[in-house]
$ cat my_file.tsv   # TSV, C-alpha atoms and all ligand atoms
chain	number	residue	atom	x	y	z
M	202	MET	CA	34.40	-70.43	31.03
M	203	ILE	CA	33.28	-71.28	34.54
M	204	ILE	CA	31.81	-68.47	36.63
M	205	VAL	CA	31.91	-69.06	40.37
M	206	LEU	CA	29.34	-66.97	42.21
M	207	LYS	CA	29.65	-65.43	45.64
M	208	LYS	CA	28.15	-67.45	48.48
M	209	ASP	CA	25.44	-64.86	48.99
M	210	ALA	CA	24.62	-64.24	45.30
M	211	THR	CA	20.91	-63.53	44.91
M	212	GLN	CA	18.58	-65.00	42.28
M	213	GLU	CA	18.27	-61.50	40.80
M	214	GLU	CA	22.04	-61.30	40.37
M	215	ILE	CA	22.15	-64.77	38.82
M	216	ASP	CA	19.40	-63.81	36.35
M	217	HIS	CA	21.31	-60.65	35.43
M	218	ILE	CA	24.56	-62.58	34.78
M	219	VAL	CA	22.71	-65.14	32.65
M	220	GLU	CA	21.01	-62.35	30.70
M	221	LYS	CA	24.38	-60.72	29.95
M	222	ILE	CA	25.85	-64.00	28.71
M	223	GLU	CA	22.82	-64.94	26.65
M	224	ALA	CA	22.85	-61.50	25.01
M	225	THR	CA	26.13	-62.54	23.31
M	226	GLY	CA	24.39	-65.56	21.76
M	227	LEU	CA	25.94	-68.05	24.19
M	228	SER	CA	23.99	-70.29	26.53
M	229	VAL	CA	24.57	-71.46	30.09
M	230	LEU	CA	24.34	-74.48	32.32
M	231	ILE	CA	23.85	-73.76	36.02
M	232	SER	CA	25.13	-75.99	38.81
M	233	LYS	CA	23.58	-75.17	42.19
M	234	GLY	CA	25.70	-76.75	44.91
M	235	LYS	CA	25.21	-76.74	48.68
M	236	GLU	CA	27.92	-74.10	49.05
M	237	ARG	CA	27.64	-72.06	45.90
M	238	THR	CA	26.30	-71.72	42.42
M	239	ILE	CA	28.52	-72.15	39.38
M	240	ILE	CA	27.59	-71.03	35.87
M	241	GLY	CA	29.14	-72.80	32.88
M	242	VAL	CA	29.11	-71.12	29.49
M	243	ILE	CA	28.33	-73.15	26.37
M	244	GLY	CA	29.77	-72.12	23.02
M	245	ASP	CA	32.57	-69.97	21.58
M	246	GLU	CA	33.95	-68.12	24.59
M	247	SER	CA	35.71	-65.44	22.55
M	248	LEU	CA	32.24	-63.84	22.37
M	249	LEU	CA	32.59	-63.08	26.08
M	250	GLU	CA	35.58	-60.80	25.61
M	251	THR	CA	33.38	-57.72	25.72
M	252	VAL	CA	31.57	-58.76	28.91
M	253	PRO	CA	33.37	-57.72	32.14
M	254	LEU	CA	32.21	-60.82	34.00
M	255	GLU	CA	34.08	-60.18	37.23
M	256	ALA	CA	32.53	-56.72	37.47
M	257	LEU	CA	29.00	-58.12	37.56
M	258	PRO	CA	27.35	-58.21	41.00
M	259	GLY	CA	27.35	-61.69	42.51
M	260	VAL	CA	30.42	-62.92	40.59
M	261	GLU	CA	33.39	-64.07	42.66
M	262	LYS	CA	35.59	-65.18	39.78
M	263	ALA	CA	35.44	-66.13	36.13
M	264	MET	CA	37.85	-68.86	35.09
M	265	PRO	CA	38.70	-70.14	31.66
M	266	VAL	CA	38.49	-73.93	31.65
M	267	LEU	CA	41.86	-75.59	31.28
M	268	LYS	CA	40.52	-79.07	30.72
M	269	PRO	CA	38.88	-79.87	27.36
M	270	TYR	CA	35.75	-81.01	29.19
M	271	LYS	CA	33.79	-78.57	31.27
M	272	PHE	CA	30.35	-79.64	32.46
M	273	VAL	CA	31.44	-83.11	33.47
M	274	SER	CA	34.50	-81.86	35.38
M	275	ARG	CA	34.80	-81.59	39.15
M	276	GLU	CA	35.87	-77.99	38.61
M	277	PHE	CA	32.37	-77.20	37.37
M	278	LYS	CA	30.63	-79.23	40.05
M	279	PRO	CA	32.69	-80.14	43.12
M	280	GLU	CA	29.95	-82.31	44.66
M	281	SER	CA	29.41	-85.80	43.33
M	282	THR	CA	26.32	-86.19	41.18
M	283	ILE	CA	23.60	-88.53	42.37
M	284	ILE	CA	21.22	-89.68	39.65
M	285	GLU	CA	17.85	-90.73	40.98
M	286	VAL	CA	15.84	-93.24	38.97
M	287	GLU	CA	12.56	-94.38	40.52
M	288	GLY	CA	13.93	-93.94	44.05
M	289	ARG	CA	17.27	-95.62	43.32
M	290	LYS	CA	20.20	-93.28	43.82
M	291	ILE	CA	23.17	-93.91	41.54
M	292	GLY	CA	26.27	-92.27	43.00
M	293	SER	CA	25.01	-92.40	46.59
M	294	GLU	CA	26.52	-94.49	49.37
M	295	GLN	CA	24.31	-97.36	48.21
M	296	ILE	CA	25.97	-99.34	45.44
M	297	GLN	CA	23.53	-99.94	42.59
M	298	VAL	CA	23.49	-103.23	40.73
M	299	ILE	CA	22.17	-103.60	37.19
M	300	ALA	CA	21.71	-107.25	36.25
M	301	GLY	CA	20.09	-109.32	33.53
M	302	PRO	CA	20.78	-111.13	30.28
M	303	CYS	CA	23.01	-109.79	27.54
M	304	SER	CA	20.07	-109.72	25.17
M	305	VAL	CA	16.33	-110.07	25.54
M	306	GLU	CA	15.48	-113.49	24.09
M	307	THR	CA	12.00	-114.59	25.20
M	308	GLN	CA	9.48	-113.08	27.61
M	309	ALA	CA	9.68	-116.17	29.84
M	310	LEU	CA	13.49	-116.15	30.08
M	311	LEU	CA	13.60	-112.43	30.77
M	312	MET	CA	10.89	-112.65	33.41
M	313	ASN	CA	12.61	-115.52	35.17
M	314	CYS	CA	15.89	-113.63	35.15
M	315	ALA	CA	14.27	-110.39	36.36
M	316	GLU	CA	12.57	-112.16	39.27
M	317	ARG	CA	15.72	-113.98	40.32
M	318	VAL	CA	18.02	-110.93	40.21
M	319	LYS	CA	15.44	-108.90	42.08
M	320	GLU	CA	15.28	-111.53	44.84
M	321	SER	CA	19.06	-111.27	45.19
M	322	GLY	CA	18.92	-107.49	45.56
M	323	ALA	CA	19.58	-106.11	42.08
M	324	ASN	CA	18.26	-102.57	41.61
M	325	PHE	CA	17.88	-102.48	37.81
M	326	LEU	CA	17.18	-104.95	35.01
M	327	ARG	CA	19.35	-104.96	31.90
M	328	GLY	CA	18.69	-106.56	28.52
M	329	GLY	CA	19.65	-105.63	24.98
M	330	ALA	CA	16.91	-105.29	22.36
M	331	PHE	CA	19.27	-103.76	19.77
M	332	LYS	CA	22.53	-105.70	19.87
M	333	PRO	CA	25.84	-104.44	18.51
M	334	ARG	CA	27.36	-107.65	17.13
M	335	THR	CA	30.76	-108.03	15.54
M	336	SER	CA	29.27	-110.34	12.90
M	337	PRO	CA	26.25	-109.32	10.82
M	338	TYR	CA	25.23	-113.01	10.93
M	339	SER	CA	24.94	-113.13	14.73
M	340	PHE	CA	21.64	-112.56	16.59
M	341	GLN	CA	20.92	-108.82	16.32
M	342	GLY	CA	18.29	-108.56	19.05
M	343	LEU	CA	14.49	-108.54	19.01
M	344	GLY	CA	14.14	-104.78	18.51
M	345	GLU	CA	10.75	-103.35	19.50
M	346	GLU	CA	9.45	-106.76	20.59
M	347	GLY	CA	12.38	-106.98	23.04
M	348	LEU	CA	11.57	-103.53	24.40
M	349	LYS	CA	7.99	-104.66	25.02
M	350	TYR	CA	9.26	-107.67	26.98
M	351	LEU	CA	11.41	-105.32	29.05
M	352	GLY	CA	8.39	-103.11	29.70
M	353	LYS	CA	6.40	-106.12	30.87
M	354	ALA	CA	9.24	-107.32	33.11
M	355	LYS	CA	9.36	-103.89	34.69
M	356	GLU	CA	5.61	-103.92	35.23
M	357	GLU	CA	5.80	-107.29	37.00
M	358	THR	CA	8.94	-106.74	39.10
M	359	GLY	CA	9.13	-102.98	39.53
M	360	LEU	CA	12.77	-103.04	38.39
M	361	PRO	CA	13.65	-100.03	36.22
M	362	VAL	CA	15.16	-100.99	32.88
M	363	VAL	CA	18.48	-100.29	31.12
M	364	SER	CA	18.83	-101.03	27.40
M	365	GLU	CA	21.14	-100.01	24.58
M	366	LEU	CA	20.42	-97.46	21.86
M	367	MET	CA	22.38	-97.91	18.63
M	368	ASP	CA	20.58	-95.72	16.13
M	369	PRO	CA	19.34	-92.13	16.69
M	370	ARG	CA	16.18	-93.08	14.75
M	371	ASP	CA	15.15	-95.44	17.57
M	372	THR	CA	15.54	-92.85	20.35
M	373	GLU	CA	11.86	-92.07	20.82
M	374	LEU	CA	10.83	-95.71	20.73
M	375	LEU	CA	13.51	-96.77	23.22
M	376	CYS	CA	12.63	-93.92	25.58
M	377	GLU	CA	9.05	-95.22	25.82
M	378	TYR	CA	10.30	-98.40	27.49
M	379	VAL	CA	13.61	-97.75	29.24
M	380	ASP	CA	14.63	-95.76	32.31
M	381	ILE	CA	18.33	-95.49	31.43
M	382	ILE	CA	19.65	-95.34	27.87
M	383	GLN	CA	22.81	-97.39	27.39
M	384	ILE	CA	25.40	-96.24	24.87
M	385	GLY	CA	27.63	-99.19	24.08
M	386	ALA	CA	31.41	-99.28	23.85
M	387	ARG	CA	31.30	-99.37	20.07
M	388	ASN	CA	29.26	-96.19	19.94
M	389	MET	CA	31.13	-94.17	22.55
M	390	GLN	CA	32.32	-91.81	19.85
M	391	ASN	CA	29.18	-91.81	17.73
M	392	PHE	CA	28.74	-88.10	18.23
M	393	ARG	CA	25.34	-87.82	16.52
M	394	LEU	CA	24.01	-90.47	18.85
M	395	LEU	CA	25.52	-88.73	21.89
M	396	THR	CA	23.94	-85.42	20.90
M	397	GLU	CA	20.60	-87.13	20.42
M	398	VAL	CA	20.58	-88.76	23.88
M	399	GLY	CA	21.74	-85.45	25.33
M	400	LYS	CA	18.50	-83.92	24.08
M	401	THR	CA	16.28	-86.53	25.72
M	402	GLY	CA	17.05	-85.57	29.33
M	403	LYS	CA	16.92	-89.30	30.26
M	404	PRO	CA	19.78	-90.77	32.28
M	405	VAL	CA	22.48	-92.18	30.02
M	406	LEU	CA	24.85	-95.04	30.81
M	407	LEU	CA	27.96	-94.34	28.74
M	408	LYS	CA	30.28	-97.29	28.30
M	409	ARG	CA	33.98	-96.78	27.73
M	410	GLY	CA	35.09	-97.32	24.13
M	411	LEU	CA	37.15	-100.39	23.29
M	412	ALA	CA	40.35	-98.37	23.04
M	413	ALA	CA	39.34	-95.02	24.50
M	414	THR	CA	41.44	-93.00	26.92
M	415	VAL	CA	39.79	-91.53	30.01
M	416	LYS	CA	40.04	-88.11	28.35
M	417	GLU	CA	38.29	-89.25	25.17
M	418	TRP	CA	35.61	-90.92	27.30
M	419	LEU	CA	34.99	-87.74	29.26
M	420	MET	CA	34.83	-85.74	26.01
M	421	SER	CA	32.06	-88.09	24.87
M	422	ALA	CA	30.25	-87.47	28.16
M	423	GLU	CA	30.72	-83.74	27.50
M	424	TYR	CA	28.85	-84.14	24.19
M	425	ILE	CA	25.84	-85.38	26.17
M	426	ALA	CA	26.23	-82.77	28.91
M	427	SER	CA	26.58	-79.92	26.42
M	428	GLN	CA	22.97	-80.62	25.38
M	429	GLY	CA	21.89	-79.90	28.96
M	430	ASN	CA	21.77	-83.52	30.12
M	431	THR	CA	24.22	-84.19	32.94
M	432	SER	CA	22.51	-87.40	34.10
M	433	ILE	CA	25.38	-89.53	32.86
M	434	ILE	CA	26.70	-92.74	34.40
M	435	LEU	CA	30.15	-93.81	33.22
M	436	CYS	CA	30.68	-97.55	32.84
M	437	GLU	CA	34.17	-99.07	32.72
M	438	ARG	CA	33.90	-102.34	30.77
M	439	GLY	CA	37.49	-103.21	29.99
M	440	ILE	CA	39.80	-101.99	27.26
M	441	ARG	CA	41.84	-103.59	24.49
M	442	THR	CA	45.38	-104.49	25.51
M	443	PHE	CA	47.94	-107.04	24.33
M	444	GLU	CA	46.55	-109.54	26.87
M	445	THR	CA	44.43	-112.32	25.41
M	446	ALA	CA	43.70	-114.36	28.56
M	447	THR	CA	40.62	-112.23	29.12
M	448	ARG	CA	38.21	-110.69	26.57
M	449	ASN	CA	39.36	-107.21	27.63
M	450	THR	CA	41.51	-105.79	30.43
M	451	LEU	CA	39.52	-104.22	33.24
M	452	ASP	CA	41.07	-100.83	33.99
M	453	LEU	CA	40.36	-100.60	37.70
M	454	SER	CA	42.60	-97.54	38.03
M	455	ALA	CA	40.15	-95.62	35.86
M	456	ILE	CA	37.68	-95.54	38.76
M	457	PRO	CA	39.76	-93.49	41.24
M	458	VAL	CA	41.07	-91.40	38.31
M	459	LEU	CA	37.50	-90.58	37.25
M	460	LYS	CA	36.50	-89.83	40.83
M	461	GLU	CA	39.09	-87.02	40.77
M	462	GLU	CA	38.29	-85.74	37.30
M	463	THR	CA	34.51	-85.83	37.23
M	464	HIS	CA	31.47	-85.51	39.47
M	465	LEU	CA	29.64	-88.21	37.51
M	466	PRO	CA	28.92	-91.64	39.00
M	467	VAL	CA	31.12	-94.50	37.78
M	468	ILE	CA	30.10	-98.15	37.54
M	469	VAL	CA	31.91	-101.29	36.39
M	470	ASP	CA	30.87	-104.12	34.05
M	471	PRO	CA	33.05	-107.12	34.94
M	472	SER	CA	31.15	-109.37	32.49
M	473	HIS	CA	32.30	-107.72	29.26
M	474	ALA	CA	35.65	-106.90	30.84
M	475	THR	CA	36.57	-110.55	31.35
M	476	GLY	CA	34.35	-112.55	29.01
M	477	LYS	CA	34.40	-115.42	31.54
M	478	TRP	CA	31.75	-116.05	34.18
M	479	ASP	CA	34.23	-117.34	36.78
M	480	LEU	CA	36.19	-114.07	36.68
M	481	VAL	CA	33.11	-111.90	37.17
M	482	ALA	CA	32.88	-112.29	40.97
M	483	PRO	CA	36.53	-111.46	41.82
M	484	LEU	CA	36.49	-108.37	39.61
M	485	ALA	CA	33.07	-107.24	40.82
M	486	LYS	CA	34.44	-107.35	44.36
M	487	ALA	CA	37.58	-105.46	43.34
M	488	ALA	CA	35.45	-102.82	41.60
M	489	VAL	CA	33.42	-102.17	44.75
M	490	ALA	CA	36.59	-102.06	46.87
M	491	VAL	CA	38.16	-99.47	44.57
M	492	GLY	CA	35.16	-97.13	44.77
M	493	ALA	CA	32.75	-97.99	41.96
M	494	ASP	CA	29.22	-96.66	42.51
M	495	GLY	CA	27.65	-99.68	40.91
M	496	LEU	CA	27.98	-102.80	38.80
M	497	MET	CA	26.48	-104.09	35.59
M	498	ILE	CA	26.44	-107.88	35.55
M	499	GLU	CA	25.15	-110.31	32.93
M	500	VAL	CA	22.89	-113.01	34.40
M	501	HIS	CA	21.19	-115.76	32.40
M	502	SER	CA	19.21	-118.75	33.67
M	503	ASP	CA	20.46	-120.96	30.83
M	504	PRO	CA	23.88	-119.63	29.78
M	505	GLU	CA	24.67	-122.74	27.73
M	506	ASN	CA	21.90	-121.86	25.31
M	507	ALA	CA	22.14	-118.07	25.49
M	508	LEU	CA	21.97	-116.29	22.13
M	509	CYS	CA	24.67	-113.87	23.22
M	510	ASP	CA	27.52	-113.82	25.78
M	511	GLY	CA	26.62	-117.08	27.55
M	512	ALA	CA	30.26	-117.69	28.52
M	513	GLN	CA	30.38	-114.58	30.68
M	514	SER	CA	26.88	-114.85	32.17
M	515	LEU	CA	26.32	-115.85	35.79
M	516	LYS	CA	23.56	-118.28	36.65
M	517	PRO	CA	21.04	-116.72	39.09
M	518	ASP	CA	22.36	-118.81	42.02
M	519	LYS	CA	25.92	-117.64	41.45
M	520	PHE	CA	24.67	-114.06	41.20
M	521	ALA	CA	22.90	-114.48	44.55
M	522	ASP	CA	26.16	-115.72	46.15
M	523	LEU	CA	28.06	-112.79	44.69
M	524	MET	CA	25.57	-110.27	46.08
M	525	GLU	CA	26.14	-111.75	49.55
M	526	GLU	CA	29.91	-111.43	49.21
M	527	LEU	CA	29.60	-107.88	47.92
M	528	ARG	CA	27.59	-106.94	50.98
M	529	ALA	CA	30.59	-107.65	53.20
M	530	ILE	CA	32.90	-105.54	51.04
M	531	ALA	CA	30.43	-102.66	50.88
M	532	THR	CA	30.15	-102.67	54.68
M	533	ALA	CA	33.93	-102.66	55.05
M	534	ILE	CA	34.18	-99.41	53.05
M	535	GLY	CA	31.20	-97.72	54.69
M	536	ARG	CA	28.70	-98.31	51.89
M	537	THR	CA	25.63	-100.45	51.39
M	538	ILE	CA	24.42	-102.61	48.55
M	601	LIG	C1	26.32	-104.90	26.46
M	601	LIG	O1	26.31	-104.34	27.56
M	601	LIG	O2	25.49	-105.73	26.12
M	601	LIG	C2	27.42	-104.60	25.51
M	601	LIG	C3	27.31	-104.89	24.23
M	601	LIG	O3	28.49	-104.05	26.10
M	601	LIG	P1	29.73	-103.25	25.46
M	601	LIG	O4	29.15	-102.13	24.67
M	601	LIG	O5	30.49	-102.82	26.68
M	601	LIG	O6	30.50	-104.23	24.63
M	602	MN	MN	26.80	-108.81	26.41
$ encode --input "my_file.tsv" --output "structure tokens" --more "lines below"
Ligand code: PEP
Ligand code: MN
Amino acid sequence: MIIVLKKDATQEEIDHIVEKIEATGLSVLISKGKERTIIGVIGDESLLETVPLEALPGVEKAMPVLKPYKFVSREFKPESTIIEVEGRKIGSEQIQVIAGPCSVETQALLMNCAERVKESGANFLRGGAFKPRTSPYSFQGLGEEGLKYLGKAKEETGLPVVSELMDPRDTELLCEYVDIIQIGARNMQNFRLLTEVGKTGKPVLLKRGLAATVKEWLMSAEYIASQGNTSIILCERGIRTFETATRNTLDLSAIPVLKEETHLPVIVDPSHATGKWDLVAPLAKAAVAVGADGLMIEVHSDPENALCDGAQSLKPDKFADLMEELRAIATAIGRTI
């Protein structure tokens, strides 16, 4: 149920409505927009049958939600969400770029990468400490040691850090070091993990599952939002199709579709989408042109010897060139980068 309040609803009226709903055992999530306040109800809505919502002072209308997702929908919050992390505004007119190696390998490599991407204008540093690998024999990441390297890189460069969480048991540890929790494609429907990150209140970067529909993806975001955490960034990273020329197929149409369906910011990862470094720049440019709020790009100073995803990693010089080219596209569509 979504309850749209009158433009002039007072705080007293809002409190009274919330009290009535909570008395049934349900809870609420409140979205205060520029124009009006909207109250979303969490839980089994049949409990509301005895509450005459539209008779309560301050209520304009009470609407059952037709879509399976509620808190992430534009119906619930017509204005686009801007997530602010250390002064960087994801979802604003400024396109945000997250760059760095696939995985954290050594402190020196990470530091070099962080400095170089910062020079080129990246806003966030990425690096996996817990790596989801298809083979159990591949490099699995440095774990806590990797997180410490990320913390140090942040200290030196000032770049906030994004890193993946794979196991709910590592939530507290990861939160000590990272500014945005990444949920990887393979865990998009790990509902325990989603619930756990929903409880943290930290911004979450939710990657699209390997074969997930937009609806399934938004339902996963709803899991996080239903815990009271609506700081969610959706990341399109390519989906499985019959095509084998690229690692995945980048679904660029998902960006305008999501812009209609949800108020959440949407970014694109052209590195995992293509699997090939020379395809990263053209697709990054296309992503910005089609309305993405940001990019996640793998950058490595020595891709030939990278422990993970070297083939799709840009060298720092190539990343610098790409940032220049992106600037022109951003300007053409009235945004900055
Ligand atoms: C990653 O970003 O390092 C990663 C593993 O991506 P994905 O979950 O999209 O495969
Ligand atoms: Mn990778």
$ closest_residue --input "my_file.tsv" --among "M:Pro369, M:Val405, M:Gly347, M:Leu496" --to "Ala309 (chain M)" --atoms "all atoms listed in the file"
M:Gly347
$ axis_aligned_box --input "my_file.tsv" --around "ligand LIG 601 (chain M)" --padding-each-side "6 Å" --output "lines of an AutoDock Vina configuration file"
center_x = 28.0
center_y = -103.9
center_z = 25.9
size_x = 17.0
size_y = 15.6
size_z = 15.3
$ closest_atom_pairs --input "my_file.tsv" --of "chain M" --to "ligand MN 602 (chain M)" --cutoff "10 Å" --atoms "only C-alpha atoms and all ligand atoms" --output "tab-separated table"
residue	atom	partner	partner_atom	distance
M:Gly301	CA	M:MN602	MN	9.8
M:Pro302	CA	M:MN602	MN	7.5
M:Cys303	CA	M:MN602	MN	4.1
M:Ser304	CA	M:MN602	MN	6.9
M:Gly328	CA	M:MN602	MN	8.7
M:Gly329	CA	M:MN602	MN	8.0
M:Lys332	CA	M:MN602	MN	8.4
M:Pro333	CA	M:MN602	MN	9.1
M:Arg334	CA	M:MN602	MN	9.4
M:Gly385	CA	M:MN602	MN	9.9
M:Asp470	CA	M:MN602	MN	9.8
M:Ser472	CA	M:MN602	MN	7.5
M:His473	CA	M:MN602	MN	6.3
M:Gly476	CA	M:MN602	MN	8.8
M:Ile498	CA	M:MN602	MN	9.2
M:Glu499	CA	M:MN602	MN	6.9
M:Val500	CA	M:MN602	MN	9.8
M:Leu508	CA	M:MN602	MN	9.9
M:Cys509	CA	M:MN602	MN	6.3
M:Asp510	CA	M:MN602	MN	5.1
M:Gly511	CA	M:MN602	MN	8.4
M:Ala512	CA	M:MN602	MN	9.8
M:Gln513	CA	M:MN602	MN	8.0
M:Ser514	CA	M:MN602	MN	8.3
$ residues_around --input "my_file.tsv" --residues "Thr401 (chain M)" --least-positions-apart "4" --cutoff "12 Å" --atoms "all atoms listed in the file" --output "PyMOL selection string"
chain M and resi 369+372-377+380-382+394-397+405+425-426+428-433
$ closest_residue --input "my_file.tsv" --among "M:Asn388, M:Trp418, M:Ile538, M:Leu311" --to "Leu351 (chain M)" --atoms "all atoms listed in the file"
M:Leu311
$ atom_distance --input "my_file.tsv" --atom1 "CA of Val205 (chain M)" --atom2 "CA of Gly241 (chain M)"
8.8 Å
$ closest_residue --input "my_file.tsv" --among "M:Phe331, M:Phe520, M:Tyr270, M:Tyr338" --to "ligand LIG 601 (chain M)" --atoms "only C-alpha atoms and all ligand atoms"
M:Phe331
$ closest_residue --input "my_file.tsv" --among "M:Ser232, M:Ser454, M:Ser502, M:Thr442" --to "Glu276 (chain M)" --atoms "all atoms listed in the file"
M:Ser232
$ atom_distance --input "my_file.tsv" --atom1 "CA of Ile215 (chain M)" --atom2 "CA of Gly259 (chain M)"
7.1 Å
$ residues_near_point --input "my_file.tsv" --point "(41.1, -99.6, 24.5)" --cutoff "7 Å" --atoms "all atoms listed in the file" --output "list of chain:residue names"
M:Gly410, M:Leu411, M:Ala412, M:Ala413, M:Ile440, M:Arg441, M:Thr442
$ residues_around --input "my_file.tsv" --residues "Gly359 (chain M)" --least-positions-apart "2" --cutoff "12 Å" --atoms "only C-alpha atoms" --output "list in words"
Val286, Glu287, Gly288, Arg289, Met312, Ala315, Glu316, Val318, Lys319, Glu320, Ala323, Asn324, Phe325, Leu326, Leu351, Gly352, Lys353, Ala354, Lys355, Glu356, Glu357, Pro361, Val362 and Asp380 of chain M
$ closest_residue --input "my_file.tsv" --among "M:Met497, M:Leu206, M:Val469, M:Leu366" --to "Phe277 (chain M)" --atoms "only C-alpha atoms"
M:Leu206
$ atom_distance --input "my_file.tsv" --atom1 "CA of Glu280 (chain M)" --atom2 "CA of Thr532 (chain M)"
22.7 Å
$ residues_around --input "my_file.tsv" --residues "Thr537 (chain M)" --least-positions-apart "3" --cutoff "10 Å" --atoms "only C-alpha atoms" --output "list in words"
Ser293, Glu294, Gln295, Ile296, Gln297, Leu527, Arg528, Ala529, Ile530, Ala531, Thr532, Ala533 and Ile534 of chain M
$ closest_residue --input "my_file.tsv" --among "M:Ala422, M:Leu480, M:Ile434, M:Gln308" --to "Glu285 (chain M)" --atoms "all atoms listed in the file"
M:Ile434
$ decode --input "my_file.tsv" --residues "region 450-465 of chain M" --atoms "N, CA, C and O atoms" --output "compact mmCIF listing (two decimals), in the first residue's frame"
# COMPACT_ATOMS: atom_id res chain seq x y z
N THR M 450 26.34 -9.91 -22.71
CA THR M 450 25.75 -8.94 -23.64
C THR M 450 25.27 -7.75 -22.81
O THR M 450 24.45 -7.93 -21.90
N LEU M 451 25.82 -6.58 -23.10
CA LEU M 451 25.43 -5.41 -22.30
C LEU M 451 24.02 -4.97 -22.70
O LEU M 451 23.77 -4.66 -23.86
N ASP M 452 23.12 -4.98 -21.74
CA ASP M 452 21.72 -4.62 -22.01
C ASP M 452 21.55 -3.12 -21.78
O ASP M 452 21.13 -2.69 -20.71
N LEU M 453 21.88 -2.36 -22.82
CA LEU M 453 21.80 -0.90 -22.68
C LEU M 453 20.35 -0.43 -22.52
O LEU M 453 20.09 0.61 -21.92
N SER M 454 19.40 -1.21 -23.06
CA SER M 454 18.00 -0.78 -22.95
C SER M 454 17.52 -0.83 -21.50
O SER M 454 16.56 -0.17 -21.13
N ALA M 455 18.22 -1.61 -20.67
CA ALA M 455 17.80 -1.69 -19.26
C ALA M 455 17.90 -0.32 -18.57
O ALA M 455 17.16 -0.05 -17.63
N ILE M 456 18.80 0.53 -19.07
CA ILE M 456 18.99 1.82 -18.36
C ILE M 456 17.75 2.72 -18.49
O ILE M 456 17.18 3.10 -17.47
N PRO M 457 17.30 3.02 -19.74
CA PRO M 457 16.06 3.82 -19.81
C PRO M 457 14.85 3.10 -19.21
O PRO M 457 13.96 3.75 -18.66
N VAL M 458 14.81 1.77 -19.29
CA VAL M 458 13.68 1.03 -18.68
C VAL M 458 13.70 1.26 -17.16
O VAL M 458 12.68 1.60 -16.55
N LEU M 459 14.87 1.13 -16.56
CA LEU M 459 14.98 1.32 -15.10
C LEU M 459 14.66 2.76 -14.70
O LEU M 459 14.07 3.00 -13.65
N LYS M 460 15.05 3.70 -15.55
CA LYS M 460 14.78 5.11 -15.24
C LYS M 460 13.27 5.36 -15.11
O LYS M 460 12.85 6.24 -14.38
N GLU M 461 12.48 4.58 -15.86
CA GLU M 461 11.02 4.71 -15.77
C GLU M 461 10.48 3.99 -14.54
O GLU M 461 9.57 4.46 -13.88
N GLU M 462 11.04 2.83 -14.26
CA GLU M 462 10.49 1.95 -13.22
C GLU M 462 10.88 2.34 -11.81
O GLU M 462 10.16 2.07 -10.86
N THR M 463 12.10 2.88 -11.67
CA THR M 463 12.63 3.08 -10.32
C THR M 463 13.26 4.47 -10.17
O THR M 463 13.69 5.07 -11.16
N HIS M 464 13.32 4.90 -8.91
CA HIS M 464 13.95 6.20 -8.61
C HIS M 464 15.44 6.02 -8.30
O HIS M 464 16.16 6.97 -8.06
N LEU M 465 15.89 4.76 -8.28
CA LEU M 465 17.28 4.49 -7.88
C LEU M 465 18.28 4.84 -8.99
O LEU M 465 17.96 4.69 -10.17
